[in-house]
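Below: query-v5.cif (mmCIF, C-alpha atoms and all ligand atoms)
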```
data_run
loop_
_atom_site.label_atom_id
_atom_site.label_comp_id
_atom_site.auth_asym_id
_atom_site.auth_seq_id
_atom_site.Cartn_x
_atom_site.Cartn_y
_atom_site.Cartn_z
CA MET A 1 175.46 86.60 162.54
CA ASP A 2 177.36 88.98 160.23
CA LYS A 3 178.15 92.14 162.27
CA LYS A 4 176.60 94.26 159.53
CA THR A 5 173.26 92.49 159.88
CA THR A 6 170.56 93.81 162.22
CA ASN A 7 167.50 91.75 163.12
CA SER A 8 164.30 93.49 164.11
CA LYS A 9 160.59 92.89 163.78
CA VAL A 10 159.68 95.89 161.65
CA LEU A 11 161.41 98.26 159.22
CA ILE A 12 159.83 101.68 158.69
CA ILE A 13 160.83 103.59 155.55
CA GLY A 14 160.50 107.35 156.13
CA GLY A 15 161.03 109.27 159.37
CA GLY A 16 158.34 111.94 158.95
CA VAL A 17 155.50 112.45 161.41
CA THR A 18 153.90 109.18 160.21
CA GLY A 19 157.05 107.06 160.51
CA LEU A 20 157.86 108.47 163.96
CA SER A 21 154.31 107.99 165.21
CA THR A 22 154.37 104.40 163.94
CA ALA A 23 157.65 103.58 165.73
CA VAL A 24 156.45 105.15 168.99
CA ASN A 25 153.16 103.24 168.89
CA LEU A 26 154.91 99.95 168.05
CA ASP A 27 157.19 100.60 171.02
CA MET A 28 154.15 100.95 173.32
CA LEU A 29 152.98 97.57 172.03
CA GLY A 30 156.39 96.04 172.80
CA ILE A 31 157.49 95.72 169.16
CA ASP A 32 160.96 96.78 168.06
CA SER A 33 161.54 98.70 164.85
CA ILE A 34 164.16 100.39 162.68
CA ILE A 35 163.37 103.72 160.98
CA ILE A 36 165.28 104.38 157.76
CA GLU A 37 165.25 108.09 156.84
CA LYS A 38 166.95 109.27 153.68
CA THR A 39 167.71 112.83 154.84
CA SER A 40 170.08 113.74 157.67
CA GLU A 41 167.22 114.52 160.11
CA MET A 42 164.02 112.87 161.30
CA GLY A 43 160.74 114.81 161.19
CA GLY A 44 159.82 115.18 157.49
CA LYS A 45 158.04 118.37 156.44
CA VAL A 46 156.41 119.01 159.83
CA LYS A 47 159.70 119.78 161.58
CA GLU A 48 159.68 123.06 159.62
CA TYR A 49 156.20 124.24 160.69
CA SER A 50 155.90 126.73 163.52
CA ARG A 51 152.08 126.73 163.67
CA ILE A 52 149.75 124.07 162.33
CA PHE A 53 146.04 124.13 161.58
CA PRO A 54 143.48 123.79 162.96
CA ASP A 55 144.55 124.78 166.48
CA PHE A 56 147.81 126.64 165.77
CA ARG A 57 149.98 124.49 168.00
CA SER A 58 153.64 124.10 167.05
CA GLY A 59 154.46 121.42 164.46
CA LYS A 60 158.11 121.53 165.56
CA ASN A 61 157.08 120.66 169.13
CA ILE A 62 155.02 117.66 168.01
CA ILE A 63 158.05 116.34 166.13
CA GLN A 64 160.36 117.06 169.08
CA GLU A 65 158.06 115.10 171.41
CA LEU A 66 158.08 112.12 169.05
CA ILE A 67 161.88 112.31 168.62
CA ASP A 68 162.34 112.42 172.41
CA LYS A 69 160.23 109.25 172.74
CA VAL A 70 162.29 107.59 170.00
CA LYS A 71 165.52 108.49 171.85
CA GLN A 72 164.18 107.16 175.15
CA SER A 73 163.19 103.82 173.67
CA SER A 74 165.60 100.90 173.48
CA ARG A 75 163.32 99.23 170.94
CA ILE A 76 163.55 101.91 168.21
CA LYS A 77 166.65 102.26 166.03
CA PRO A 78 166.63 105.45 163.96
CA VAL A 79 168.98 105.45 160.94
CA VAL A 80 169.44 108.69 158.96
CA SER A 81 171.01 109.58 155.59
CA THR A 82 170.14 106.09 154.34
CA PHE A 83 167.83 104.53 151.78
CA ILE A 84 167.06 100.94 150.86
CA THR A 85 168.65 99.38 147.78
CA SER A 86 167.24 95.84 147.59
CA VAL A 87 164.55 93.70 149.19
CA GLU A 88 164.32 89.91 149.24
CA ARG A 89 161.86 87.63 151.04
CA ILE A 90 163.23 84.34 152.39
CA ASN A 91 161.03 82.04 154.53
CA GLY A 92 158.72 84.87 155.65
CA THR A 93 161.60 87.24 156.54
CA TYR A 94 162.42 90.32 154.51
CA SER A 95 166.12 90.85 153.99
CA VAL A 96 166.68 94.52 153.16
CA LEU A 97 170.00 95.96 151.97
CA ALA A 98 170.55 99.67 152.58
CA SER A 99 172.90 102.34 151.25
CA ASN A 100 174.90 102.24 154.52
CA ASN A 101 176.04 98.69 153.54
CA LYS A 102 173.94 97.13 156.28
CA LYS A 103 171.45 94.30 156.00
CA TYR A 104 168.20 94.46 157.96
CA ASN A 105 166.25 91.23 158.54
CA VAL A 106 162.65 92.04 159.44
CA ARG A 107 159.25 90.37 159.43
CA ALA A 108 157.29 93.38 158.18
CA ILE A 109 157.97 96.64 156.31
CA ILE A 110 155.94 99.83 156.70
CA LEU A 111 156.32 102.36 153.94
CA ALA A 112 155.83 105.96 155.17
CA CYS A 113 157.73 107.94 152.53
CA GLY A 114 155.24 110.86 152.43
CA PHE A 115 154.75 113.31 149.57
CA GLU A 116 156.47 116.04 147.52
CA VAL A 117 155.10 119.45 146.68
CA PHE A 118 154.30 120.35 143.08
CA ASN A 119 157.17 122.01 141.19
CA ALA A 120 155.68 125.50 140.59
CA ARG A 121 158.17 126.18 137.75
CA LEU A 122 155.87 124.05 135.58
CA GLN A 123 153.18 126.77 135.78
CA GLU A 124 155.31 129.32 133.98
CA GLU A 125 152.70 132.11 134.11
CA TYR A 126 153.46 132.61 137.82
CA GLY A 127 157.19 133.24 137.36
CA TYR A 128 158.29 130.94 140.18
CA GLY A 129 162.07 130.46 139.99
CA VAL A 130 162.31 133.64 137.88
CA TYR A 131 161.05 136.37 140.25
CA PRO A 132 162.53 136.11 143.77
CA ASN A 133 159.37 137.51 145.39
CA VAL A 134 157.24 134.68 144.00
CA ILE A 135 157.68 131.83 146.48
CA ASN A 136 155.92 128.54 147.21
CA SER A 137 153.94 127.69 150.34
CA LEU A 138 156.69 125.55 151.89
CA GLU A 139 159.05 128.52 151.55
CA LEU A 140 156.45 130.79 153.17
CA GLU A 141 156.15 128.23 155.96
CA SER A 142 159.93 128.35 156.51
CA MET A 143 159.87 132.16 156.56
CA LEU A 144 157.07 132.16 159.15
CA SER A 145 158.86 129.50 161.14
CA ALA A 146 162.33 131.12 161.11
CA ASP A 147 161.15 134.16 163.05
CA GLU A 148 158.03 133.13 164.96
CA GLU A 149 157.01 136.61 166.12
CA GLY A 150 158.70 138.73 163.51
CA ILE A 151 157.97 140.40 160.24
CA LEU A 152 158.32 138.89 156.77
CA LEU A 153 161.15 140.15 154.59
CA ARG A 154 161.04 140.27 150.80
CA PRO A 155 163.54 137.78 149.33
CA SER A 156 164.65 140.25 146.62
CA ASP A 157 165.77 143.17 148.83
CA GLY A 158 165.06 142.32 152.50
CA LYS A 159 162.39 145.04 152.81
CA PRO A 160 159.49 144.28 155.23
CA ALA A 161 156.65 142.68 153.26
CA LYS A 162 153.10 143.89 153.99
CA ARG A 163 151.13 143.28 150.81
CA MET A 164 150.79 139.51 150.42
CA ALA A 165 148.98 137.46 147.79
CA ILE A 166 148.32 133.76 148.17
CA VAL A 167 147.39 131.79 145.03
CA PHE A 168 145.43 128.59 145.74
CA CYS A 169 145.29 125.37 143.66
CA VAL A 170 148.76 125.65 142.10
CA GLY A 171 149.47 122.30 140.45
CA SER A 172 146.24 120.70 141.63
CA ARG A 173 142.91 120.19 139.87
CA SER A 174 144.58 120.43 136.48
CA LYS A 175 144.32 117.75 133.81
CA ARG A 176 146.84 119.71 131.74
CA LEU A 177 149.48 119.29 134.45
CA GLY A 178 148.53 115.64 135.01
CA ASN A 179 147.17 116.30 138.54
CA PRO A 180 143.38 116.31 138.23
CA TYR A 181 142.86 115.75 141.96
CA CYS A 182 142.24 118.29 144.74
CA SER A 183 145.17 118.28 147.19
CA ARG A 184 142.64 118.57 150.00
CA ILE A 185 144.61 120.49 152.60
CA CYS A 186 146.03 123.54 150.80
CA CYS A 187 142.90 125.68 151.34
CA SER A 188 143.39 125.06 155.06
CA TYR A 189 147.16 125.54 155.28
CA SER A 190 146.92 128.71 153.12
CA THR A 191 144.23 130.12 155.41
CA LYS A 192 146.39 129.29 158.42
CA GLN A 193 149.31 131.16 156.80
CA ALA A 194 147.07 134.18 156.04
CA ILE A 195 145.95 134.29 159.70
CA GLU A 196 149.54 134.09 160.95
CA ILE A 197 150.52 137.04 158.76
CA MET A 198 147.53 139.18 159.82
CA GLU A 199 148.12 138.43 163.51
CA ARG A 200 151.81 139.30 163.33
CA ILE A 201 151.73 142.34 161.08
CA PRO A 202 148.71 144.49 161.99
CA ASP A 203 148.96 146.73 158.91
CA ALA A 204 149.41 143.79 156.51
CA SER A 205 146.97 143.01 153.72
CA VAL A 206 146.52 139.44 152.52
CA THR A 207 144.60 138.59 149.35
CA CYS A 208 143.78 134.95 148.62
CA PHE A 209 142.96 134.04 145.00
CA TYR A 210 140.94 130.83 145.13
CA ILE A 211 138.82 128.60 142.87
CA ASP A 212 136.72 126.97 145.62
CA ILE A 213 137.27 126.93 149.36
CA ARG A 214 137.47 123.36 150.61
CA THR A 215 137.74 123.43 154.38
CA TYR A 216 136.21 120.06 155.06
CA ASP A 217 137.18 119.00 158.58
CA ARG A 218 136.21 119.99 162.10
CA GLY A 219 137.57 123.44 162.96
CA PHE A 220 138.64 124.23 159.38
CA GLU A 221 135.55 126.25 158.43
CA GLU A 222 135.79 128.24 161.68
CA MET A 223 139.42 129.04 160.79
CA TYR A 224 138.27 130.33 157.38
CA GLN A 225 135.65 132.54 159.04
CA TYR A 226 138.21 133.86 161.53
CA ALA A 227 140.57 134.78 158.65
CA GLN A 228 137.81 136.90 157.11
CA GLU A 229 137.14 138.59 160.47
CA LEU A 230 140.84 139.51 160.58
CA GLY A 231 140.46 141.15 157.16
CA VAL A 232 141.92 138.49 154.82
CA LYS A 233 140.40 139.12 151.37
CA TYR A 234 139.20 136.14 149.37
CA VAL A 235 138.90 136.75 145.62
CA ARG A 236 137.31 133.95 143.63
CA GLY A 237 139.34 133.72 140.46
CA ARG A 238 142.22 132.08 138.71
CA VAL A 239 145.41 134.13 138.45
CA SER A 240 146.41 134.45 134.81
CA GLU A 241 149.83 136.06 135.24
CA CYS A 242 152.40 137.35 137.73
CA SER A 243 155.09 139.76 136.52
CA ALA A 244 157.83 141.63 138.37
CA LEU A 245 158.14 145.43 138.33
CA PRO A 246 161.63 147.04 138.34
CA ASN A 247 161.45 147.60 142.14
CA GLY A 248 160.71 143.89 142.78
CA ASP A 249 156.96 144.31 143.40
CA ILE A 250 154.82 141.61 141.82
CA HIS A 251 151.93 142.58 139.56
CA VAL A 252 149.14 139.97 139.67
CA ARG A 253 146.39 139.74 137.06
CA ALA A 254 143.33 137.57 137.61
CA GLU A 255 139.71 137.27 136.67
CA ASN A 256 137.11 137.60 139.40
CA THR A 257 134.88 134.68 138.43
CA LEU A 258 132.09 135.72 140.81
CA LEU A 259 131.73 139.22 139.38
CA GLY A 260 133.00 138.37 135.90
CA ASN A 261 135.51 141.24 135.77
CA PRO A 262 139.31 141.37 135.58
CA VAL A 263 141.18 142.21 138.80
CA GLN A 264 144.78 143.13 139.41
CA GLY A 265 147.01 144.12 142.30
CA ILE A 266 150.57 144.90 143.34
CA PHE A 267 152.15 142.77 146.06
CA ASP A 268 155.41 142.46 147.99
CA ILE A 269 155.32 138.67 148.00
CA VAL A 270 153.16 136.17 146.11
CA SER A 271 153.01 132.72 147.69
CA LEU A 272 151.90 129.80 145.51
CA SER A 273 149.92 127.19 147.45
CA VAL A 274 151.34 124.16 145.74
CA GLY A 275 149.52 120.87 145.69
CA MET A 276 150.92 117.56 146.78
CA MET A 277 152.40 114.81 144.65
CA PRO A 278 153.60 111.28 145.37
CA CYS A 279 157.05 111.16 147.01
CA ALA A 280 160.00 111.49 144.64
CA ASP A 281 161.14 107.87 145.20
CA ALA A 282 157.66 106.38 144.72
CA ASP A 283 158.50 104.64 141.45
CA ASN A 284 161.72 103.09 142.74
CA LEU A 285 160.16 102.04 146.07
CA ALA A 286 157.17 100.46 144.31
CA LYS A 287 159.56 98.38 142.19
CA LEU A 288 161.83 97.39 145.10
CA LEU A 289 158.85 96.32 147.22
CA SER A 290 156.75 94.96 144.32
CA ILE A 291 153.70 96.96 145.33
CA GLU A 292 151.20 98.97 143.30
CA ARG A 293 150.47 102.63 142.68
CA SER A 294 147.26 104.21 141.33
CA GLU A 295 146.97 106.23 138.14
CA ASP A 296 147.67 109.43 140.12
CA GLY A 297 150.96 107.96 141.39
CA PHE A 298 149.97 107.51 145.04
CA PHE A 299 150.34 104.04 146.58
CA THR A 300 147.39 101.64 146.39
CA ARG A 301 145.90 99.97 149.43
CA LYS A 302 144.71 96.39 149.18
CA ASP A 303 141.21 97.54 150.17
CA SER A 304 140.77 101.15 151.23
CA PHE A 305 137.75 100.27 153.39
CA LEU A 306 138.61 96.93 154.96
CA SER A 307 142.44 96.66 154.76
CA PRO A 308 143.58 100.29 154.61
CA HIS A 309 147.21 99.57 155.55
CA ASP A 310 147.77 96.34 153.57
CA THR A 311 149.32 96.16 150.13
CA VAL A 312 149.03 93.34 147.62
CA ARG A 313 152.23 91.93 149.12
CA GLU A 314 152.11 90.09 152.42
CA GLY A 315 154.09 91.79 155.19
CA ILE A 316 154.33 95.17 153.45
CA PHE A 317 152.13 97.95 154.80
CA LEU A 318 151.42 101.63 154.04
CA ALA A 319 150.85 104.59 156.34
CA GLY A 320 150.48 108.36 156.06
CA SER A 321 150.33 110.79 153.18
CA LEU A 322 151.76 108.36 150.61
CA THR A 323 148.25 107.02 149.93
CA GLY A 324 146.77 110.52 149.52
CA LEU A 325 146.96 113.94 151.11
CA LYS A 326 146.18 114.11 154.81
CA PRO A 327 146.49 116.57 157.68
CA ILE A 328 148.99 115.80 160.41
CA LYS A 329 146.47 114.45 162.90
CA ASP A 330 145.34 111.82 160.36
CA CYS A 331 149.00 110.82 159.85
CA LEU A 332 149.45 110.47 163.62
CA LEU A 333 146.30 108.32 163.70
CA GLU A 334 147.60 106.16 160.87
CA GLY A 335 150.76 105.60 162.90
CA MET A 336 148.54 104.17 165.63
CA SER A 337 146.30 102.10 163.40
CA VAL A 338 149.12 100.56 161.34
CA SER A 339 150.82 99.54 164.61
CA SER A 340 147.80 97.58 165.71
CA ARG A 341 147.57 96.02 162.23
CA ILE A 342 151.24 94.96 162.55
CA THR A 343 150.61 93.48 166.00
CA ALA A 344 147.87 91.31 164.57
CA TYR A 345 150.03 90.36 161.58
CA LEU A 346 153.08 89.38 163.68
CA GLY A 347 150.88 87.48 166.15
CA LYS A 348 149.25 85.48 163.38
CA ASN A 349 152.54 84.74 161.63
CA LYS A 350 154.60 83.69 164.68
C1 LIG B 1 153.04 124.18 153.05
C2 LIG B 1 152.37 123.10 153.85
C3 LIG B 1 151.82 123.40 155.09
C4 LIG B 1 151.16 122.42 155.82
N1 LIG B 1 150.57 122.75 157.02
C5 LIG B 1 149.88 121.82 157.70
C6 LIG B 1 149.17 122.17 158.91
O1 LIG B 1 149.22 123.33 159.36
N2 LIG B 1 148.43 121.20 159.54
C7 LIG B 1 148.32 119.93 159.04
O2 LIG B 1 147.62 119.11 159.64
N3 LIG B 1 149.00 119.55 157.90
C8 LIG B 1 149.76 120.47 157.23
N4 LIG B 1 150.44 120.09 156.09
C9 LIG B 1 150.44 118.65 155.70
C10 LIG B 1 151.62 117.89 156.39
O3 LIG B 1 152.81 118.39 155.83
C11 LIG B 1 151.48 116.37 156.15
O4 LIG B 1 150.28 115.92 156.76
C12 LIG B 1 152.65 115.58 156.75
O5 LIG B 1 153.89 116.15 156.39
C13 LIG B 1 152.63 114.14 156.26
O6 LIG B 1 153.59 113.41 156.99
P1 LIG B 1 154.29 112.11 156.36
O7 LIG B 1 155.19 111.58 157.42
O8 LIG B 1 153.27 111.20 155.79
O9 LIG B 1 155.17 112.67 155.13
P2 LIG B 1 156.45 113.64 155.10
O10 LIG B 1 156.32 114.77 156.03
O11 LIG B 1 156.62 113.92 153.63
O12 LIG B 1 157.64 112.69 155.61
C14 LIG B 1 158.11 111.62 154.80
C15 LIG B 1 159.54 111.27 155.21
O13 LIG B 1 159.99 110.16 154.43
C16 LIG B 1 161.31 110.42 153.97
N5 LIG B 1 161.56 109.65 152.74
C17 LIG B 1 161.05 109.86 151.50
N6 LIG B 1 161.53 108.92 150.65
C18 LIG B 1 162.35 108.10 151.38
C19 LIG B 1 163.14 106.98 151.06
N7 LIG B 1 163.20 106.47 149.83
N8 LIG B 1 163.86 106.39 152.05
C20 LIG B 1 163.85 106.89 153.33
N9 LIG B 1 163.12 107.99 153.68
C21 LIG B 1 162.38 108.56 152.72
C22 LIG B 1 161.33 111.93 153.74
O14 LIG B 1 162.66 112.43 153.70
C23 LIG B 1 160.52 112.42 154.95
O15 LIG B 1 161.34 112.62 156.08
C24 LIG B 1 151.07 121.06 155.32
C25 LIG B 1 151.64 120.76 154.06
C26 LIG B 1 152.29 121.76 153.33
C27 LIG B 1 152.86 121.43 151.98
S1 LIG B 2 142.41 122.03 148.91
FE1 LIG B 2 141.81 124.02 148.09
S2 LIG B 2 143.73 124.93 147.25
FE2 LIG B 2 144.09 122.73 147.51
S3 LIG B 2 143.61 121.84 145.50
FE3 LIG B 2 141.75 121.66 146.78
S4 LIG B 2 140.54 123.48 146.31
FE4 LIG B 2 142.68 123.87 145.57
#
```
Show this structure as C-alpha cells.
Ligand SMILES: Cc1cc2nc3c(=O)[nH]c(=O)nc-3n(C[C@H](O)[C@H](O)[C@H](O)COP(=O)(O)OP(=O)(O)OC[C@H]3O[C@@H](n4cnc5c(N)ncnc54)[C@H](O)[C@@H]3O)c2cc1C
Ligand code: SF4
Amino acid sequence: MDKKTTNSKVLIIGGGVTGLSTAVNLDMLGIDSIIIEKTSEMGGKVKEYSRIFPDFRSGKNIIQELIDKVKQSSRIKPVVSTFITSVERINGTYSVLASNNKKYNVRAIILACGFEVFNARLQEEYGYGVYPNVINSLELESMLSADEEGILLRPSDGKPAKRMAIVFCVGSRSKRLGNPYCSRICCSYSTKQAIEIMERIPDASVTCFYIDIRTYDRGFEEMYQYAQELGVKYVRGRVSECSALPNGDIHVRAENTLLGNPVQGIFDIVSLSVGMMPCADADNLAKLLSIERSEDGFFTRKDSFLSPHDTVREGIFLAGSLTGLKPIKDCLLEGMSVSSRITAYLGKNK
C-alpha cells in the first residue's frame, strides 16, 4: 500500500458537533472513521458558545467532551486544515483525494459540513460592516463567550454597553434576499442571548425587534417567558433603518406592527440575528460527491421520512444542519442515528 494511502471504513467531512458526535458513536459501535475538517480546529460553531439554549449549559464543554473521546479512541483519525479534492468509486470503495496529498479509501462517506450565517452586509439598511456597533449574532456570541461573567464592551470605543437591541429575522423569511424560509432557531438563540445580558448586567436594557416569535421546542417557550420576566422588551416590528450618531450610538427606527405606530430608540450595540444558509462549500461538495441540493441550497435526503440520512448515491450519507437548521441536541442525535444507519449499510455490503 502507498504510504500516503489510509484505509478506513468511514470518512466524515466536517468536524463540527455533528461530525464529532458521528465519529464517537461509530467508535462505540466498533467502526473506525476519519474526520476531515477544513479549519485548523475541530468543533465547528459550537466551540465558540459559552451558554446554549434551552438549558444554558456550556457549548464549549460539550465540544471538549467530544474531542476528549476522539483523542482517547484508536479508531478515530481527526485531520484538520484539510478538504477533499476528488472522489472516485471503484468496486464499492470510495477513493478520496484530499488537499494534504493523501488518499483515503473508505466504504462510506458522511457529509456533515454544517451551515453559514447570512452575510448581513446584504441588508444595507442595518449598516453592518459600516458602523462598528452593529454586529451579528455570532459576534455577540463570541463577545459573551470571551468573558463569561463580565460586561459587554462597545466595539467602537470600548465603553461598557448597557442599551442593547436585537433584530430578529435578518436574512431569513425574505424572497427578495432569496431566503424565503424561517431559520427556525434564531428566535431561541436571540432570546438566550438577551437573558445572558440581563443576568450579567443588572441595569442593562434589551429590546428585541421581532416579526413573529417561533419558540417551537420543549423548554423554548419557557425561556421566552423567563426573558420577559427579566425585563427583556419585545417589540413586534420590522426595523427600517439603523444609523450611527457621532458618539457611536446607534439610532434604530422601526414600525410597531401591533400598535401601528413608528418607534425609535438609541442603543450602544445592535445585534443582527442572522439566519442560516447552506455551508459555503455546498456547491463544490455536491458536485464532488454527485449528490443533490434543494432549491434553497440545503442538501436533499433520499426520503426525509424513511431514509433521512441517505442520498441518491449509495454509500454517501448526510447528517446535521446541512439538511436544514437544527439545534445542537438534534445534531447530536443525528450523529447517533447516522451511525446506526452506517452499521446497517456496512453489514449489508460486507
Ligand atoms: C449565533 C448562533 C447561536 C446559536 N446558539 C445555539 C444554542 O444556544 N443552542 C442550540 O441548540 N443551537 C444553537 N445554534 C445552532 C448551532 O450552531 C448548530 O446546531 C450547530 O452548529 C450545527 O452543527 P453542525 O456540526 O451541523 O455544523 P457546524 O457547526 O457549522 O460545523 C460544520 C463543520 O464542518 C466544517 N466544514 C465545512 N465545509 C467543510 C469542507 N468542505 N471540508 C471539511 N470541513 C468542512 C466547518 O469548518 C465546521 O467545523 C446557534 C447558531 C447561531 C448562528
Ligand atoms: S426563527 Fe425567529 S428570528 Fe429566525 S427566521 Fe424564524 S421567525 Fe425569524
Could you list, as a CSV table (one decimal) with C-alpha atoms, in the frame of the given file, every residue within 10 Å of Asn101 in chain A, counting all atoms listed in the file and ignoring same-chain residues fewer than 2 positions away?
```csv
chain,number,residue,atom,x,y,z
A,4,LYS,CA,176.6,94.3,159.5
A,5,THR,CA,173.3,92.5,159.9
A,82,THR,CA,170.1,106.1,154.3
A,84,ILE,CA,167.1,100.9,150.9
A,85,THR,CA,168.6,99.4,147.8
A,97,LEU,CA,170.0,96.0,152.0
A,98,ALA,CA,170.6,99.7,152.6
A,99,SER,CA,172.9,102.3,151.2
A,103,LYS,CA,171.4,94.3,156.0
A,104,TYR,CA,168.2,94.5,158.0
```
Fewer than 4 positions away in the same chain doesn't count, so skip those; otherwise give me all residues within 12 Å of Gly158 in chain A, counting all atoms listed in the file, as a PDB file with C-alpha atoms, in the coordinates of the input.
```
ATOM      1  CA  PRO A 132     162.530 136.110 143.770  1.00  0.00           C
ATOM      2  CA  ASN A 133     159.370 137.510 145.390  1.00  0.00           C
ATOM      3  CA  ILE A 151     157.970 140.400 160.240  1.00  0.00           C
ATOM      4  CA  LEU A 152     158.320 138.890 156.770  1.00  0.00           C
ATOM      5  CA  LEU A 153     161.150 140.150 154.590  1.00  0.00           C
ATOM      6  CA  ARG A 154     161.040 140.270 150.800  1.00  0.00           C
ATOM      7  CA  GLY A 248     160.710 143.890 142.780  1.00  0.00           C
ATOM      8  CA  ASP A 268     155.410 142.460 147.990  1.00  0.00           C
ATOM      9  CA  ILE A 269     155.320 138.670 148.000  1.00  0.00           C
TER      10      ILE A 269
END
```
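CA of Leu272 in chain A is found 28.7 Å from CA of Leu333 in chain A.
Shell of Gly178 in chain A at 12 Å, with only C-alpha atoms counted and residues fewer than 2 places along the chain excluded, is Phe118, Leu122, Gly171, Ser172, Arg173, Ser174, Lys175, Arg176, Pro180, Tyr181, Cys182, Gly275, Met277, Glu295, Asp296 and Gly297 of chain A.
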For the residues selected in the previous step, produce a file with C-alpha atoms as a CSV table (one decimal), keeping the file's coordinate frame.
```csv
chain,number,residue,atom,x,y,z
A,118,PHE,CA,154.3,120.4,143.1
A,122,LEU,CA,155.9,124.0,135.6
A,171,GLY,CA,149.5,122.3,140.4
A,172,SER,CA,146.2,120.7,141.6
A,173,ARG,CA,142.9,120.2,139.9
A,174,SER,CA,144.6,120.4,136.5
A,175,LYS,CA,144.3,117.8,133.8
A,176,ARG,CA,146.8,119.7,131.7
A,180,PRO,CA,143.4,116.3,138.2
A,181,TYR,CA,142.9,115.8,142.0
A,182,CYS,CA,142.2,118.3,144.7
A,275,GLY,CA,149.5,120.9,145.7
A,277,MET,CA,152.4,114.8,144.6
A,295,GLU,CA,147.0,106.2,138.1
A,296,ASP,CA,147.7,109.4,140.1
A,297,GLY,CA,151.0,108.0,141.4
```
So which one's closest to ligand LIG 1 (chain B), A:Val235, A:Leu332, A:Ala23, A:Val46? Using only C-alpha atoms and all ligand atoms, please.
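Ranked by minimum distance to ligand LIG 1 (chain B), first place goes to A:Val46.
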Between A:Met143, A:Leu318, A:Met276, A:Leu346, which has the minimum distance to ligand LIG 1 (chain B) (counting all atoms listed in the file)?
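Checking each of A:Met143, A:Leu318, A:Met276, A:Leu346 against ligand LIG 1 (chain B), counting all atoms listed in the file, the winner is A:Met276.
Atom to atom, CA of Glu116 in chain A and atom S4 of ligand LIG 2 (chain B) stand 17.6 Å apart.
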Could you tell me, counting all atoms listed in the file, which protein and nucleic acid residues lie no more than 6 Å from ligand LIG 1 (chain B), written as JSON, numbers by chain?
{"A": [13, 14, 15, 16, 17, 18, 19, 36, 37, 38, 39, 42, 43, 44, 45, 46, 52, 53, 83, 112, 113, 114, 115, 137, 138, 141, 189, 281, 320, 321, 326, 327, 328, 329, 331]}
Between CA of Thr207 in chain A and CA of Ala165 in chain A, what is the spacing in Å?
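Value for the CA of Ala165 in chain A-CA of Thr207 in chain A distance: 4.8 Å.
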Which residue out of A:Pro155, A:Gly231, A:Gly127, A:Gly30 has the minimum interatomic distance to Glu139 in chain A when all atoms listed in the file are used?
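Under the stated criterion, the closest residue is A:Pro155.
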Selected residue, from A:Asn91, A:Val338, A:Ile266, A:Asn100, that lies nearest to Ile12 in chain A when counting all atoms listed in the file:
A:Val338
Just want the 8 Å neighbourhood of Met223 in chain A, counted on all atoms listed in the file, with same-chain residues fewer than 3 positions away dropped. Output as JSON, numbers by chain.
{"A": [54, 191, 192, 219, 220, 226, 227]}
Name the closest residue to Ser156 in chain A among the candidates A:Ser142, A:Gln264, A:Asn247, A:Thr6; distances are taken between atoms, counting only C-alpha atoms.
A:Asn247
Write out as a tab-separated table the residues of range 47-104 of chain A that have any atom within 9 Å of an atom of range 307-317 of chain A, one row each with the nearest atom pair and its distance in Å to one decimal, counting all atoms listed in the file, sorted by chain and then rising number.
```
residue	atom	partner	partner_atom	distance
A:Gly92	CA	A:Gly315	CA	8.3
A:Thr93	CA	A:Gly315	CA	8.9
A:Tyr94	CA	A:Gly315	CA	8.5
```
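Distances here use only C-alpha atoms; by that measure, the residue among A:Asp68, A:Phe267, A:Glu48, A:Pro78 closest to Leu245 in chain A is A:Phe267.
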Give as a list in words every residue, naming chains and numbers as the document does, that has an atom within 8 Å of (150.6, 99.8, 144.2), counting only C-alpha atoms.
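The requested residues, written out, are Ala286, Ser290, Ile291, Glu292, Arg293, Ser294, Phe298, Phe299, Thr300, Arg301, Thr311 and Val312 of chain A.
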